[in-house]
$ cat work-v6.pdb   # PDB, N, CA and C atoms
ATOM      1  N   MET A 397      24.158  -1.398  15.187
ATOM      2  CA  MET A 397      24.117  -2.732  14.617
ATOM      3  C   MET A 397      23.667  -2.625  13.162
ATOM      4  N   LEU A 398      24.398  -3.218  12.278
ATOM      5  CA  LEU A 398      24.034  -3.210  10.872
ATOM      6  C   LEU A 398      23.299  -4.484  10.518
ATOM      7  N   TYR A 399      22.296  -4.333   9.713
ATOM      8  CA  TYR A 399      21.516  -5.477   9.264
ATOM      9  C   TYR A 399      21.972  -5.873   7.867
ATOM     10  N   PRO A 400      22.065  -7.162   7.595
ATOM     11  CA  PRO A 400      22.442  -7.559   6.231
ATOM     12  C   PRO A 400      21.342  -7.156   5.254
ATOM     13  N   THR A 401      21.744  -6.661   4.107
ATOM     14  CA  THR A 401      20.769  -6.241   3.118
ATOM     15  C   THR A 401      20.994  -6.979   1.813
ATOM     16  N   LYS A 402      19.943  -7.129   1.068
ATOM     17  CA  LYS A 402      20.009  -7.742  -0.239
ATOM     18  C   LYS A 402      19.124  -6.913  -1.156
ATOM     19  N   VAL A 403      19.579  -6.686  -2.357
ATOM     20  CA  VAL A 403      18.845  -5.852  -3.300
ATOM     21  C   VAL A 403      18.088  -6.732  -4.279
ATOM     22  N   SER A 404      16.809  -6.448  -4.445
ATOM     23  CA  SER A 404      15.970  -7.104  -5.445
ATOM     24  C   SER A 404      15.329  -5.997  -6.270
ATOM     25  N   GLU A 405      15.486  -6.050  -7.577
ATOM     26  CA  GLU A 405      14.901  -5.027  -8.437
ATOM     27  C   GLU A 405      13.619  -5.550  -9.068
ATOM     28  N   VAL A 406      12.531  -4.838  -8.819
ATOM     29  CA  VAL A 406      11.241  -5.152  -9.423
ATOM     30  C   VAL A 406      10.635  -3.859  -9.933
ATOM     31  N   SER A 407       9.720  -3.966 -10.865
ATOM     32  CA  SER A 407       9.029  -2.794 -11.415
ATOM     33  C   SER A 407       7.611  -2.727 -10.871
ATOM     34  N   VAL A 408       7.250  -1.567 -10.373
ATOM     35  CA  VAL A 408       5.896  -1.340  -9.882
ATOM     36  C   VAL A 408       5.168  -0.527 -10.943
ATOM     37  N   ARG A 409       4.045  -1.013 -11.403
ATOM     38  CA  ARG A 409       3.308  -0.341 -12.481
ATOM     39  C   ARG A 409       2.697   0.974 -12.034
ATOM     40  N   ASP A 410       2.212   1.015 -10.820
ATOM     41  CA  ASP A 410       1.504   2.192 -10.335
ATOM     42  C   ASP A 410       2.004   2.498  -8.928
ATOM     43  N   THR A 411       2.473   3.714  -8.680
ATOM     44  CA  THR A 411       2.994   4.064  -7.359
ATOM     45  C   THR A 411       1.907   4.107  -6.293
ATOM     46  N   ASP A 412       0.642   4.098  -6.689
ATOM     47  CA  ASP A 412      -0.442   4.039  -5.707
ATOM     48  C   ASP A 412      -0.475   2.683  -5.000
ATOM     49  N   HIS A 413       0.188   1.687  -5.573
ATOM     50  CA  HIS A 413       0.208   0.350  -4.988
ATOM     51  C   HIS A 413       1.512   0.067  -4.253
ATOM     52  N   CYS A 414       2.203   1.108  -3.829
ATOM     53  CA  CYS A 414       3.492   0.948  -3.151
ATOM     54  C   CYS A 414       3.544   1.910  -1.959
ATOM     55  N   LYS A 415       3.941   1.401  -0.778
ATOM     56  CA  LYS A 415       4.012   2.221   0.430
ATOM     57  C   LYS A 415       5.361   2.023   1.113
ATOM     58  N   ARG A 416       5.953   3.108   1.593
ATOM     59  CA  ARG A 416       7.151   3.043   2.418
ATOM     60  C   ARG A 416       6.717   3.327   3.855
ATOM     61  N   LEU A 417       6.914   2.356   4.734
ATOM     62  CA  LEU A 417       6.468   2.466   6.124
ATOM     63  C   LEU A 417       7.663   2.682   7.031
ATOM     64  N   LYS A 418       7.570   3.665   7.906
ATOM     65  CA  LYS A 418       8.671   3.986   8.824
ATOM     66  C   LYS A 418       8.673   3.036  10.014
ATOM     67  N   ASN A 419       9.850   2.800  10.550
ATOM     68  CA  ASN A 419      10.001   2.039  11.782
ATOM     69  C   ASN A 419       9.949   3.043  12.935
ATOM     70  N   PRO A 420       9.011   2.925  13.860
ATOM     71  CA  PRO A 420       8.891   3.917  14.927
ATOM     72  C   PRO A 420      10.085   3.951  15.883
ATOM     73  N   GLN A 421      10.828   2.853  16.000
ATOM     74  CA  GLN A 421      11.958   2.829  16.915
ATOM     75  C   GLN A 421      13.279   3.244  16.279
ATOM     76  N   ASN A 422      13.392   3.124  14.962
ATOM     77  CA  ASN A 422      14.626   3.483  14.281
ATOM     78  C   ASN A 422      14.272   4.150  12.951
ATOM     79  N   PRO A 423      14.475   5.466  12.837
ATOM     80  CA  PRO A 423      14.082   6.171  11.612
ATOM     81  C   PRO A 423      14.924   5.805  10.386
ATOM     82  N   GLN A 424      16.030   5.102  10.581
ATOM     83  CA  GLN A 424      16.872   4.708   9.454
ATOM     84  C   GLN A 424      16.409   3.406   8.802
ATOM     85  N   ILE A 425      15.478   2.721   9.433
ATOM     86  CA  ILE A 425      14.960   1.462   8.909
ATOM     87  C   ILE A 425      13.534   1.683   8.430
ATOM     88  N   PHE A 426      13.198   1.123   7.293
ATOM     89  CA  PHE A 426      11.832   1.220   6.797
ATOM     90  C   PHE A 426      11.438  -0.099   6.158
ATOM     91  N   ARG A 427      10.164  -0.227   5.911
ATOM     92  CA  ARG A 427       9.610  -1.415   5.268
ATOM     93  C   ARG A 427       8.844  -0.955   4.040
ATOM     94  N   LEU A 428       8.969  -1.706   2.971
ATOM     95  CA  LEU A 428       8.278  -1.361   1.732
ATOM     96  C   LEU A 428       7.233  -2.413   1.448
ATOM     97  N   GLU A 429       6.010  -1.962   1.232
ATOM     98  CA  GLU A 429       4.918  -2.863   0.867
ATOM     99  C   GLU A 429       4.430  -2.472  -0.515
ATOM    100  N   ALA A 430       4.247  -3.474  -1.382
ATOM    101  CA  ALA A 430       3.795  -3.197  -2.740
ATOM    102  C   ALA A 430       2.945  -4.348  -3.255
ATOM    103  N   CYS A 431       1.984  -4.014  -4.090
ATOM    104  CA  CYS A 431       1.211  -5.021  -4.821
ATOM    105  C   CYS A 431       1.913  -5.216  -6.155
ATOM    106  N   LEU A 432       2.389  -6.424  -6.395
ATOM    107  CA  LEU A 432       3.145  -6.718  -7.607
ATOM    108  C   LEU A 432       2.397  -7.696  -8.491
ATOM    109  N   PRO A 433       2.572  -7.578  -9.805
ATOM    110  CA  PRO A 433       2.051  -8.617 -10.685
ATOM    111  C   PRO A 433       2.882  -9.885 -10.505
ATOM    112  N   PHE A 434       2.328 -11.024 -10.858
ATOM    113  CA  PHE A 434       3.028 -12.289 -10.663
ATOM    114  C   PHE A 434       4.372 -12.325 -11.378
ATOM    115  N   THR A 435       4.482 -11.669 -12.524
ATOM    116  CA  THR A 435       5.746 -11.684 -13.264
ATOM    117  C   THR A 435       6.862 -11.004 -12.477
ATOM    118  N   GLU A 436       6.523  -9.980 -11.705
ATOM    119  CA  GLU A 436       7.524  -9.293 -10.879
ATOM    120  C   GLU A 436       7.763 -10.036  -9.571
ATOM    121  N   ALA A 437       6.715 -10.597  -8.980
ATOM    122  CA  ALA A 437       6.863 -11.339  -7.725
ATOM    123  C   ALA A 437       7.729 -12.574  -7.917
ATOM    124  N   ALA A 438       7.735 -13.143  -9.111
ATOM    125  CA  ALA A 438       8.556 -14.318  -9.391
ATOM    126  C   ALA A 438      10.049 -13.987  -9.338
ATOM    127  N   LYS A 439      10.419 -12.724  -9.444
ATOM    128  CA  LYS A 439      11.825 -12.310  -9.389
ATOM    129  C   LYS A 439      12.371 -12.315  -7.964
ATOM    130  N   LEU A 440      11.499 -12.280  -6.974
ATOM    131  CA  LEU A 440      11.938 -12.236  -5.575
ATOM    132  C   LEU A 440      12.377 -13.606  -5.100
ATOM    133  N   ASP A 441      13.272 -13.601  -4.107
ATOM    134  CA  ASP A 441      13.728 -14.860  -3.519
ATOM    135  C   ASP A 441      12.569 -15.569  -2.845
ATOM    136  N   ARG A 442      12.585 -16.870  -2.889
ATOM    137  CA  ARG A 442      11.545 -17.672  -2.256
ATOM    138  C   ARG A 442      11.541 -17.395  -0.750
ATOM    139  N   GLY A 443      10.383 -17.206  -0.197
ATOM    140  CA  GLY A 443      10.270 -16.923   1.235
ATOM    141  C   GLY A 443      10.376 -15.451   1.565
ATOM    142  N   ASN A 444      10.581 -14.593   0.564
ATOM    143  CA  ASN A 444      10.735 -13.171   0.795
ATOM    144  C   ASN A 444       9.421 -12.415   0.597
ATOM    145  N   THR A 445       8.360 -13.109   0.279
ATOM    146  CA  THR A 445       7.089 -12.443   0.018
ATOM    147  C   THR A 445       5.998 -13.011   0.915
ATOM    148  N   THR A 446       4.994 -12.223   1.152
ATOM    149  CA  THR A 446       3.829 -12.682   1.888
ATOM    150  C   THR A 446       2.676 -12.714   0.900
ATOM    151  N   VAL A 447       2.254 -13.899   0.560
ATOM    152  CA  VAL A 447       1.168 -14.057  -0.398
ATOM    153  C   VAL A 447      -0.088 -14.465   0.359
ATOM    154  N   ARG A 448      -1.146 -13.744   0.118
ATOM    155  CA  ARG A 448      -2.403 -14.081   0.789
ATOM    156  C   ARG A 448      -2.996 -15.328   0.161
ATOM    157  N   PRO A 449      -3.583 -16.180   0.968
ATOM    158  CA  PRO A 449      -4.221 -17.369   0.394
ATOM    159  C   PRO A 449      -5.430 -16.983  -0.457
ATOM    160  N   ALA A 450      -5.689 -17.775  -1.458
ATOM    161  CA  ALA A 450      -6.817 -17.498  -2.351
ATOM    162  C   ALA A 450      -8.137 -17.649  -1.601
ATOM    163  N   SER A 451      -9.088 -16.813  -1.951
ATOM    164  CA  SER A 451     -10.412 -16.879  -1.347
ATOM    165  C   SER A 451     -11.411 -17.294  -2.422
ATOM    166  N   LYS A 452     -12.190 -18.314  -2.137
ATOM    167  CA  LYS A 452     -13.196 -18.767  -3.097
ATOM    168  C   LYS A 452     -14.379 -17.816  -3.162
ATOM    169  N   ARG A 453     -14.513 -16.929  -2.159
ATOM    170  CA  ARG A 453     -15.625 -15.982  -2.141
ATOM    171  C   ARG A 453     -15.365 -14.743  -2.996
ATOM    172  N   LYS A 454     -14.081 -14.452  -3.307
ATOM    173  CA  LYS A 454     -13.745 -13.242  -4.066
ATOM    174  C   LYS A 454     -13.429 -13.594  -5.510
ATOM    175  N   LYS A 455     -13.748 -12.673  -6.415
ATOM    176  CA  LYS A 455     -13.419 -12.851  -7.815
ATOM    177  C   LYS A 455     -11.934 -12.534  -8.030
ATOM    178  N   PRO A 456     -11.285 -13.166  -8.996
ATOM    179  CA  PRO A 456      -9.886 -12.833  -9.286
ATOM    180  C   PRO A 456      -9.767 -11.404  -9.797
ATOM    181  N   TYR A 457      -8.672 -10.766  -9.449
ATOM    182  CA  TYR A 457      -8.424  -9.396  -9.891
ATOM    183  C   TYR A 457      -7.959  -9.410 -11.343
ATOM    184  N   THR A 458      -8.561  -8.616 -12.180
ATOM    185  CA  THR A 458      -8.158  -8.527 -13.588
ATOM    186  C   THR A 458      -7.985  -7.064 -13.954
ATOM    187  N   THR A 459      -7.089  -6.808 -14.905
ATOM    188  CA  THR A 459      -6.875  -5.420 -15.342
ATOM    189  C   THR A 459      -7.393  -5.241 -16.748
TER     190      THR A 459
END
$ encode --input "work-v6.pdb" --output "structure tokens"
Amino acid sequence: MLYPTKVSEVSVRDTDHCKRLKNPQNPQIFRLEACLPFTEAAKLDRGNTTVRPASKRKKPYTT
């Protein structure tokens, strides 16, 4: 069975913030998880990202 695919090009600043995760049931399928800056996340289709809700207890991340 083939799954429909769509290509989205984004730039990751640091490869330490990007992981390729294998699917245990099908080695041909994988999932990519990455921490992206907002400028890159805005390039993705709406509904294609999982954004964590803001926490009032944590300070904002700054570089």
$ atom_distance --input "work-v6.pdb" --atom1 "atom N of Leu417 (chain A)" --atom2 "atom N of Cys431 (chain A)"
11.9 Å
$ resolve_selection --input "work-v6.pdb" --expression "the PyMOL selection byres ((chain A and resi 406) around 8)" --output "list of chain:residue names"
A:Val403, A:Ser404, A:Glu405, A:Ser407, A:Val408, A:Arg409, A:Thr435, A:Glu436, A:Ala437, A:Lys439, A:Leu440
$ residues_around --input "work-v6.pdb" --residues "Leu428 (chain A)" --least-positions-apart "4" --cutoff "8 Å" --atoms "only N, CA and C atoms" --output "PyMOL selection string"
chain A and resi 414-418
$ axis_aligned_box --input "work-v6.pdb" --around "region 419-433 of chain A" --padding-each-side "8 Å" --output "lines of an AutoDock Vina configuration file"
center_x = 9.0
center_y = -1.9
center_z = 3.1
size_x = 31.7
size_y = 32.1
size_z = 43.6
$ atom_distance --input "work-v6.pdb" --atom1 "atom C of Thr401 (chain A)" --atom2 "atom N of Ala430 (chain A)"
17.4 Å
$ atom_distance --input "work-v6.pdb" --atom1 "CA of Ala438 (chain A)" --atom2 "CA of Arg453 (chain A)"
25.3 Å
